[in-house]
$ cat run-v7.cif   # mmCIF, C-alpha atoms and all ligand atoms
data_my_file
loop_
_atom_site.group_PDB
_atom_site.id
_atom_site.type_symbol
_atom_site.label_atom_id
_atom_site.label_comp_id
_atom_site.auth_asym_id
_atom_site.auth_seq_id
_atom_site.Cartn_x
_atom_site.Cartn_y
_atom_site.Cartn_z
ATOM 1 C CA MET Z 773 0.000 0.000 0.000
ATOM 2 C CA SER Z 774 1.100 3.537 -0.501
ATOM 3 C CA LEU Z 775 0.234 7.105 -1.375
ATOM 4 C CA HIS Z 776 -1.564 7.858 -4.650
ATOM 5 C CA LEU Z 777 -2.368 11.310 -5.988
ATOM 6 C CA THR Z 778 -4.282 11.242 -9.264
ATOM 7 C CA ASP Z 779 -4.982 14.314 -11.392
ATOM 8 C CA VAL Z 780 -5.002 16.620 -8.388
ATOM 9 C CA THR Z 781 -5.880 20.255 -9.038
ATOM 10 C CA LEU Z 782 -5.885 22.807 -6.227
ATOM 11 C CA THR Z 783 -6.745 26.497 -6.546
ATOM 12 C CA TYR Z 784 -6.771 29.331 -4.024
ATOM 13 C CA PRO Z 785 -8.854 32.518 -4.193
ATOM 14 C CA ASP Z 786 -6.752 35.336 -5.645
ATOM 15 C CA GLY Z 787 -8.599 38.650 -5.848
ATOM 16 C CA ASP Z 788 -11.361 38.259 -8.415
ATOM 17 C CA THR Z 789 -9.832 35.120 -9.899
ATOM 18 C CA ARG Z 790 -8.227 31.922 -8.621
ATOM 19 C CA LEU Z 791 -4.592 30.931 -8.467
ATOM 20 C CA THR Z 792 -3.769 27.379 -9.579
ATOM 21 C CA ALA Z 793 -1.339 25.952 -7.021
ATOM 22 C CA LEU Z 794 -1.504 22.353 -8.308
ATOM 23 C CA ASP Z 795 -2.388 21.578 -11.906
ATOM 24 C CA ARG Z 796 -3.429 17.960 -12.620
ATOM 25 C CA VAL Z 797 -0.693 16.447 -10.460
ATOM 26 C CA SER Z 798 -0.336 12.671 -10.378
ATOM 27 C CA LEU Z 799 2.143 10.911 -8.123
ATOM 28 C CA HIS Z 800 2.378 7.383 -6.778
ATOM 29 C CA VAL Z 801 4.775 6.777 -3.900
ATOM 30 C CA PRO Z 802 5.153 3.118 -2.889
ATOM 31 C CA ARG Z 803 6.125 2.131 0.654
ATOM 32 C CA GLY Z 804 9.867 2.145 1.258
ATOM 33 C CA ASN Z 805 10.396 4.872 -1.353
ATOM 34 C CA VAL Z 806 11.624 8.451 -0.889
ATOM 35 C CA THR Z 807 10.417 10.769 -3.614
ATOM 36 C CA ALA Z 808 12.192 14.098 -3.360
ATOM 37 C CA VAL Z 809 10.275 17.105 -4.678
ATOM 38 C CA VAL Z 810 12.182 20.157 -5.850
ATOM 39 C CA GLY Z 811 11.042 23.414 -7.404
ATOM 40 C CA PRO Z 812 11.282 27.159 -6.964
ATOM 41 C CA SER Z 813 9.593 29.007 -4.119
ATOM 42 C CA GLY Z 814 5.872 29.356 -4.802
ATOM 43 C CA SER Z 815 5.755 26.455 -7.260
ATOM 44 C CA GLY Z 816 3.294 24.399 -5.189
ATOM 45 C CA LYS Z 817 5.489 22.073 -3.094
ATOM 46 C CA SER Z 818 3.870 22.792 0.284
ATOM 47 C CA SER Z 819 0.428 22.687 -1.346
ATOM 48 C CA LEU Z 820 1.257 19.214 -2.627
ATOM 49 C CA LEU Z 821 2.150 18.080 0.897
ATOM 50 C CA ALA Z 822 -0.993 19.702 2.365
ATOM 51 C CA VAL Z 823 -3.170 17.773 -0.099
ATOM 52 C CA ALA Z 824 -1.253 14.529 0.496
ATOM 53 C CA ALA Z 825 -1.671 15.081 4.245
ATOM 54 C CA THR Z 826 -5.457 15.443 3.708
ATOM 55 C CA LEU Z 827 -5.253 18.841 5.420
ATOM 56 C CA VAL Z 828 -6.538 20.530 2.260
ATOM 57 C CA THR Z 829 -9.176 19.104 -0.079
ATOM 58 C CA PRO Z 830 -8.311 19.553 -3.762
ATOM 59 C CA ASP Z 831 -10.743 21.061 -6.293
ATOM 60 C CA ALA Z 832 -10.413 17.923 -8.405
ATOM 61 C CA GLY Z 833 -8.565 14.616 -8.384
ATOM 62 C CA THR Z 834 -8.148 11.886 -5.800
ATOM 63 C CA VAL Z 835 -5.839 11.164 -2.883
ATOM 64 C CA THR Z 836 -5.577 7.551 -1.771
ATOM 65 C CA VAL Z 837 -3.754 6.528 1.409
ATOM 66 C CA ASP Z 838 -3.254 2.832 2.070
ATOM 67 C CA GLY Z 839 -5.926 2.019 -0.483
ATOM 68 C CA ALA Z 840 -8.531 4.324 1.083
ATOM 69 C CA ASP Z 841 -9.888 7.065 -1.185
ATOM 70 C CA THR Z 842 -9.946 10.090 1.092
ATOM 71 C CA ALA Z 843 -12.758 11.791 -0.845
ATOM 72 C CA GLY Z 844 -15.302 9.475 0.753
ATOM 73 C CA LEU Z 845 -14.203 10.207 4.329
ATOM 74 C CA SER Z 846 -15.814 12.550 6.857
ATOM 75 C CA ARG Z 847 -13.750 15.146 8.732
ATOM 76 C CA ALA Z 848 -13.565 12.853 11.745
ATOM 77 C CA GLU Z 849 -12.453 9.935 9.584
ATOM 78 C CA LEU Z 850 -9.791 12.115 7.970
ATOM 79 C CA ALA Z 851 -8.491 13.146 11.390
ATOM 80 C CA GLU Z 852 -8.373 9.468 12.331
ATOM 81 C CA LEU Z 853 -6.507 8.635 9.114
ATOM 82 C CA ARG Z 854 -3.963 11.383 9.795
ATOM 83 C CA ARG Z 855 -3.470 10.241 13.369
ATOM 84 C CA HIS Z 856 -2.791 6.640 12.433
ATOM 85 C CA ARG Z 857 -1.302 6.660 8.961
ATOM 86 C CA ILE Z 858 0.341 9.987 8.198
ATOM 87 C CA GLY Z 859 3.484 11.496 9.695
ATOM 88 C CA ILE Z 860 4.253 15.147 8.989
ATOM 89 C CA VAL Z 861 7.533 17.002 9.517
ATOM 90 C CA PHE Z 862 7.260 20.747 9.068
ATOM 91 C CA GLN Z 863 10.009 23.172 8.081
ATOM 92 C CA GLN Z 864 10.376 24.190 11.724
ATOM 93 C CA PRO Z 865 9.871 21.384 14.218
ATOM 94 C CA HIS Z 866 7.690 23.496 16.595
ATOM 95 C CA LEU Z 867 8.835 21.762 19.763
ATOM 96 C CA LEU Z 868 7.298 22.738 23.086
ATOM 97 C CA PRO Z 869 9.990 24.604 25.066
ATOM 98 C CA SER Z 870 9.199 23.041 28.433
ATOM 99 C CA LEU Z 871 9.186 19.399 27.299
ATOM 100 C CA THR Z 872 12.117 17.023 26.981
ATOM 101 C CA ALA Z 873 12.842 15.332 23.657
ATOM 102 C CA ALA Z 874 11.144 12.139 24.873
ATOM 103 C CA GLU Z 875 8.085 14.054 26.083
ATOM 104 C CA GLN Z 876 7.706 15.799 22.694
ATOM 105 C CA LEU Z 877 7.135 12.344 21.237
ATOM 106 C CA GLN Z 878 4.913 11.094 24.039
ATOM 107 C CA VAL Z 879 2.423 13.917 24.381
ATOM 108 C CA MET Z 880 0.108 13.112 21.445
ATOM 109 C CA ALA Z 881 0.196 9.359 22.042
ATOM 110 C CA ARG Z 882 -0.693 9.937 25.712
ATOM 111 C CA ILE Z 883 -3.653 12.083 24.706
ATOM 112 C CA ASP Z 884 -4.654 9.211 22.449
ATOM 113 C CA GLY Z 885 -4.917 7.008 25.533
ATOM 114 C CA ARG Z 886 -2.146 4.532 24.735
ATOM 115 C CA SER Z 887 -0.384 2.796 27.634
ATOM 116 C CA PRO Z 888 2.229 5.193 29.139
ATOM 117 C CA ARG Z 889 4.823 2.420 29.391
ATOM 118 C CA ARG Z 890 4.546 1.455 25.750
ATOM 119 C CA VAL Z 891 4.477 5.095 24.661
ATOM 120 C CA ARG Z 892 7.631 5.733 26.659
ATOM 121 C CA GLY Z 893 9.360 2.666 25.255
ATOM 122 C CA ARG Z 894 8.488 3.623 21.709
ATOM 123 C CA SER Z 895 9.644 7.232 22.180
ATOM 124 C CA LEU Z 896 13.042 6.067 23.433
ATOM 125 C CA GLU Z 897 13.370 3.509 20.629
ATOM 126 C CA LEU Z 898 12.662 6.227 18.032
ATOM 127 C CA LEU Z 899 15.040 8.758 19.598
ATOM 128 C CA ASP Z 900 17.662 6.023 19.421
ATOM 129 C CA ALA Z 901 16.820 5.431 15.751
ATOM 130 C CA VAL Z 902 17.449 9.107 14.947
ATOM 131 C CA GLY Z 903 20.709 9.131 16.917
ATOM 132 C CA LEU Z 904 19.385 10.958 19.982
ATOM 133 C CA GLY Z 905 19.328 8.115 22.491
ATOM 134 C CA GLU Z 906 21.609 10.108 24.793
ATOM 135 C CA GLN Z 907 19.589 13.327 24.454
ATOM 136 C CA ALA Z 908 16.150 11.975 25.439
ATOM 137 C CA HIS Z 909 15.824 14.180 28.523
ATOM 138 C CA ARG Z 910 17.144 17.370 26.981
ATOM 139 C CA ARG Z 911 14.821 20.288 26.297
ATOM 140 C CA PRO Z 912 14.801 22.116 22.941
ATOM 141 C CA HIS Z 913 17.208 24.878 24.029
ATOM 142 C CA GLN Z 914 19.745 22.185 24.976
ATOM 143 C CA LEU Z 915 19.657 20.709 21.455
ATOM 144 C CA SER Z 916 21.225 21.910 18.199
ATOM 145 C CA GLY Z 917 19.080 22.843 15.175
ATOM 146 C CA GLY Z 918 19.829 19.511 13.515
ATOM 147 C CA GLN Z 919 18.969 17.619 16.693
ATOM 148 C CA ARG Z 920 15.659 19.500 17.023
ATOM 149 C CA GLN Z 921 14.812 18.613 13.442
ATOM 150 C CA ARG Z 922 15.529 14.942 14.241
ATOM 151 C CA VAL Z 923 13.196 15.116 17.264
ATOM 152 C CA GLY Z 924 10.499 16.347 14.853
ATOM 153 C CA LEU Z 925 11.236 13.406 12.577
ATOM 154 C CA ALA Z 926 11.070 10.877 15.424
ATOM 155 C CA ARG Z 927 7.794 12.456 16.591
ATOM 156 C CA ALA Z 928 6.299 12.020 13.110
ATOM 157 C CA LEU Z 929 7.115 8.301 13.296
ATOM 158 C CA MET Z 930 5.416 7.709 16.674
ATOM 159 C CA ASN Z 931 2.207 6.437 15.071
ATOM 160 C CA ASP Z 932 4.117 4.117 12.694
ATOM 161 C CA PRO Z 933 2.739 5.956 9.654
ATOM 162 C CA THR Z 934 2.326 4.588 6.137
ATOM 163 C CA VAL Z 935 2.956 8.017 4.658
ATOM 164 C CA LEU Z 936 5.738 10.378 5.758
ATOM 165 C CA LEU Z 937 5.602 13.967 4.488
ATOM 166 C CA VAL Z 938 8.589 16.224 5.067
ATOM 167 C CA ASP Z 939 8.685 19.926 4.115
ATOM 168 C CA GLU Z 940 12.149 21.468 3.609
ATOM 169 C CA PRO Z 941 13.717 19.923 6.717
ATOM 170 C CA THR Z 942 17.144 21.288 5.855
ATOM 171 C CA SER Z 943 16.246 24.945 5.312
ATOM 172 C CA ALA Z 944 17.617 26.053 8.700
ATOM 173 C CA LEU Z 945 20.659 23.743 8.657
ATOM 174 C CA ASP Z 946 24.144 24.018 7.216
ATOM 175 C CA HIS Z 947 25.062 21.738 4.352
ATOM 176 C CA ALA Z 948 26.597 18.849 6.326
ATOM 177 C CA ARG Z 949 23.760 18.735 8.857
ATOM 178 C CA GLY Z 950 21.199 19.017 6.080
ATOM 179 C CA ALA Z 951 22.753 16.108 4.204
ATOM 180 C CA ALA Z 952 22.775 14.029 7.410
ATOM 181 C CA VAL Z 953 19.038 14.685 7.954
ATOM 182 C CA VAL Z 954 18.224 13.658 4.356
ATOM 183 C CA ASP Z 955 20.316 10.490 4.704
ATOM 184 C CA LEU Z 956 18.507 9.710 7.949
ATOM 185 C CA ILE Z 957 15.077 10.203 6.348
ATOM 186 C CA THR Z 958 16.087 7.844 3.554
ATOM 187 C CA ARG Z 959 17.362 5.175 5.932
ATOM 188 C CA LEU Z 960 14.227 5.350 8.096
ATOM 189 C CA THR Z 961 12.023 5.193 4.985
ATOM 190 C CA HIS Z 962 13.710 1.997 3.877
ATOM 191 C CA GLU Z 963 13.731 0.451 7.385
ATOM 192 C CA ARG Z 964 10.160 1.383 8.280
ATOM 193 C CA ALA Z 965 8.663 1.119 4.797
ATOM 194 C CA THR Z 966 7.030 4.539 4.737
ATOM 195 C CA ALA Z 967 5.877 6.153 1.501
ATOM 196 C CA THR Z 968 7.918 9.347 1.864
ATOM 197 C CA VAL Z 969 7.642 12.683 0.086
ATOM 198 C CA LEU Z 970 10.583 14.946 0.892
ATOM 199 C CA VAL Z 971 10.390 18.551 -0.257
ATOM 200 C CA THR Z 972 13.750 20.246 -0.519
ATOM 201 C CA HIS Z 973 15.079 23.272 -2.325
ATOM 202 C CA ASP Z 974 18.673 22.117 -1.944
ATOM 203 C CA ARG Z 975 19.458 20.002 -4.988
ATOM 204 C CA THR Z 976 22.777 18.872 -3.547
ATOM 205 C CA HIS Z 977 20.846 16.668 -1.076
ATOM 206 C CA LEU Z 978 19.053 14.659 -3.740
ATOM 207 C CA GLY Z 979 21.607 11.865 -4.009
ATOM 208 C CA ALA Z 980 19.983 9.832 -1.267
ATOM 209 C CA ALA Z 981 16.411 9.966 -2.658
ATOM 210 C CA ASP Z 982 15.022 7.047 -4.680
ATOM 211 C CA ARG Z 983 13.380 9.404 -7.160
ATOM 212 C CA VAL Z 984 13.231 13.107 -7.848
ATOM 213 C CA ALA Z 985 10.204 15.060 -9.072
ATOM 214 C CA GLU Z 986 10.134 18.708 -10.040
ATOM 215 C CA VAL Z 987 7.213 21.097 -9.527
ATOM 216 C CA ARG Z 988 6.935 24.194 -11.671
ATOM 217 C CA ASP Z 989 3.865 26.413 -11.719
ATOM 218 C CA GLY Z 990 1.857 23.627 -10.123
ATOM 219 C CA ARG Z 991 2.829 20.970 -12.692
ATOM 220 C CA LEU Z 992 4.791 17.947 -11.486
ATOM 221 C CA ARG Z 993 7.098 15.764 -13.528
ATOM 222 C CA LEU Z 994 9.442 12.982 -12.502
ATOM 223 C CA LEU Z 995 13.057 13.630 -13.440
ATOM 224 C CA PRO Z 996 15.067 10.866 -15.093
ATOM 225 C CA PRO Z 997 17.491 9.087 -12.689
ATOM 226 C CA ALA Z 998 20.816 10.949 -12.426
HETATM 227 P P1 LIG G 1001 6.101 26.309 -2.315
HETATM 228 O O1 LIG G 1001 5.940 25.440 -1.118
HETATM 229 O O2 LIG G 1001 6.655 25.582 -3.508
HETATM 230 O O3 LIG G 1001 6.869 27.556 -2.033
HETATM 231 P P2 LIG G 1001 3.233 26.817 -2.028
HETATM 232 O O4 LIG G 1001 2.538 25.512 -2.216
HETATM 233 O O5 LIG G 1001 3.406 27.313 -0.649
HETATM 234 O O6 LIG G 1001 4.633 26.778 -2.807
HETATM 235 O O7 LIG G 1001 2.445 27.939 -2.850
HETATM 236 C C1 LIG G 1001 2.037 27.757 -4.200
HETATM 237 C C2 LIG G 1001 1.274 28.989 -4.627
HETATM 238 O O8 LIG G 1001 0.037 29.068 -3.913
HETATM 239 C C3 LIG G 1001 2.007 30.300 -4.350
HETATM 240 O O9 LIG G 1001 1.700 31.202 -5.402
HETATM 241 C C4 LIG G 1001 1.415 30.762 -3.032
HETATM 242 O O10 LIG G 1001 1.470 32.155 -2.917
HETATM 243 C C5 LIG G 1001 -0.026 30.268 -3.150
HETATM 244 N N1 LIG G 1001 -0.633 29.930 -1.856
HETATM 245 C C6 LIG G 1001 -0.153 29.025 -0.976
HETATM 246 N N2 LIG G 1001 -0.983 28.898 0.095
HETATM 247 C C7 LIG G 1001 -2.005 29.756 -0.127
HETATM 248 C C8 LIG G 1001 -3.190 30.095 0.588
HETATM 249 N N3 LIG G 1001 -3.500 29.506 1.761
HETATM 250 N N4 LIG G 1001 -4.024 31.020 0.047
HETATM 251 C C9 LIG G 1001 -3.744 31.611 -1.140
HETATM 252 N N5 LIG G 1001 -2.644 31.339 -1.878
HETATM 253 C C10 LIG G 1001 -1.784 30.421 -1.389
HETATM 254 MG MG MG G 1002 6.789 25.579 0.815
#
$ encode --input "run-v7.cif" --output "structure tokens" --more "lines below"
Ligand code: ADP
Ligand code: MG
Amino acid sequence: MSLHLTDVTLTYPDGDTRLTALDRVSLHVPRGNVTAVVGPSGSGKSSLLAVAATLVTPDAGTVTVDGADTAGLSRAELAELRRHRIGIVFQQPHLLPSLTAAEQLQVMARIDGRSPRRVRGRSLELLDAVGLGEQAHRRPHQLSGGQRQRVGLARALMNDPTVLLVDEPTSALDHARGAAVVDLITRLTHERATATVLVTHDRTHLGAADRVAEVRDGRLRLLPPA
């Protein structure tokens, strides 16, 4: 199972007219695959992730997650789908200043009513997987930018998602740290069999991705392998 976008068109109101952010975009990402998405600022990359995340409903086209066509789902069912099957990593990790790295991962799962012991065990396992096993009780200000980004990545994996959506995770990092985060995302995608879409504006990080797609003016095309 996987993520399927078929003929997705998304427009936003723009004065008296509408702006086309996504223009008949089709993309199939199988599990265990990282598809990197590049393109200039304003080309529609974040809109693509918002539609894939089911946070925004497109004007036309279909989004299928794990075989379920999201068009037929109610708001509550969509929220449920996001909670169980979709992991999202934003440009800035938005960590809560007063919580430790482990607690950042635990808070949503606790709200969800899962057993505190299992939630704790899973949070520590994931921090280990992103190389932060020793930093589990540090708070955000005691972590570097790259480490904070990795906490955000581990948090997105707490619900063992099918689909992992990552928006420009390297924008606030220097080149070496950015490359390390992209390599980590690729390794975790292969290990945990997520269908991953990784938006990045830094083309030098693309080596690790399984495939590269380019968005321009809302149109998406897969680039031939380098
Ligand atoms: P990118 O992530 O590639 O920079 P976006 O998907 O954020 O591109 O934006 C694509 C286009 O849609 C841009 O022209 C942007 O200004 C516009 N846009 C994005 N979000 C909104 C919104 N909520 N309302 C109106 N226009 C938007
Ligand atoms: Mg963007």
$ axis_aligned_box --input "run-v7.cif" --around "ligand LIG 1001 (chain G)" --padding-each-side "8 Å" --output "AutoDock Vina command-line options"
--center_x 1.4 --center_y 28.8 --center_z -1.8 --size_x 26.9 --size_y 22.7 --size_z 23.2
$ residues_near_ligand --input "run-v7.cif" --ligand "ligand MG 1002 (chain G)" --cutoff "8 Å" --atoms "all atoms listed in the file" --output "list in words"
Ser813, Gly814, Gly816, Lys817, Ser818, Ser819, Asp939, Glu940 and Val971 of chain Z
$ residues_around --input "run-v7.cif" --residues "stretch 982-987 of chain Z" --least-positions-apart "3" --cutoff "9 Å" --atoms "all atoms listed in the file" --output "ChimeraX atom specification"
/Z:794,805-812,815-817,958,978-979,990-997
$ closest_residue --input "run-v7.cif" --among "Z:Leu960, Z:Met880, Z:Leu782, Z:Leu925" --to "ligand LIG 1001 (chain G)" --atoms "all atoms listed in the file"
Z:Leu782
$ residues_around --input "run-v7.cif" --residues "Z:Leu821" --least-positions-apart "4" --cutoff "12 Å" --atoms "only C-alpha atoms" --output "PyMOL selection string"
chain Z and resi 775+777+780+782+793-794+797+799+807-809+816-817+825-830+835+858-863+935-940+968-972+987
$ resolve_selection --input "run-v7.cif" --expression "the PyMOL selection byres (((chain Z and resi 856) around 9) and not hetatm)" --output "PyMOL selection string"
chain Z and resi 851-855+857-859+931-934
$ atom_distance --input "run-v7.cif" --atom1 "atom CA of Z:Pro941" --atom2 "atom CA of Z:Gln921"
6.9 Å
$ resolve_selection --input "run-v7.cif" --expression "the PyMOL selection byres (((chain Z and resi 841) around 12) and not hetatm)" --output "list in words"
Ser774, Leu775, His776, Leu777, Thr778, Ala824, Thr826, Gly833, Thr834, Val835, Thr836, Val837, Asp838, Gly839, Ala840, Thr842, Ala843, Gly844, Leu845, Ser846, Glu849, Leu850 and Leu853 of chain Z
$ atom_distance --input "run-v7.cif" --atom1 "atom CA of Z:Tyr784" --atom2 "atom CA of Z:His800"
23.9 Å
$ atom_distance --input "run-v7.cif" --atom1 "atom C2 of ligand LIG 1001 (chain G)" --atom2 "atom CA of Z:Asp795"
11.0 Å
$ closest_residue --input "run-v7.cif" --among "Z:Val801, Z:Val923, Z:Leu820, Z:Ala967" --to "ligand LIG 1001 (chain G)" --atoms "all atoms listed in the file"
Z:Leu820
$ closest_residue --input "run-v7.cif" --among "Z:Ser943, Z:Gly917, Z:Arg927, Z:Asp989" --to "ligand LIG 1001 (chain G)" --atoms "all atoms listed in the file"
Z:Asp989
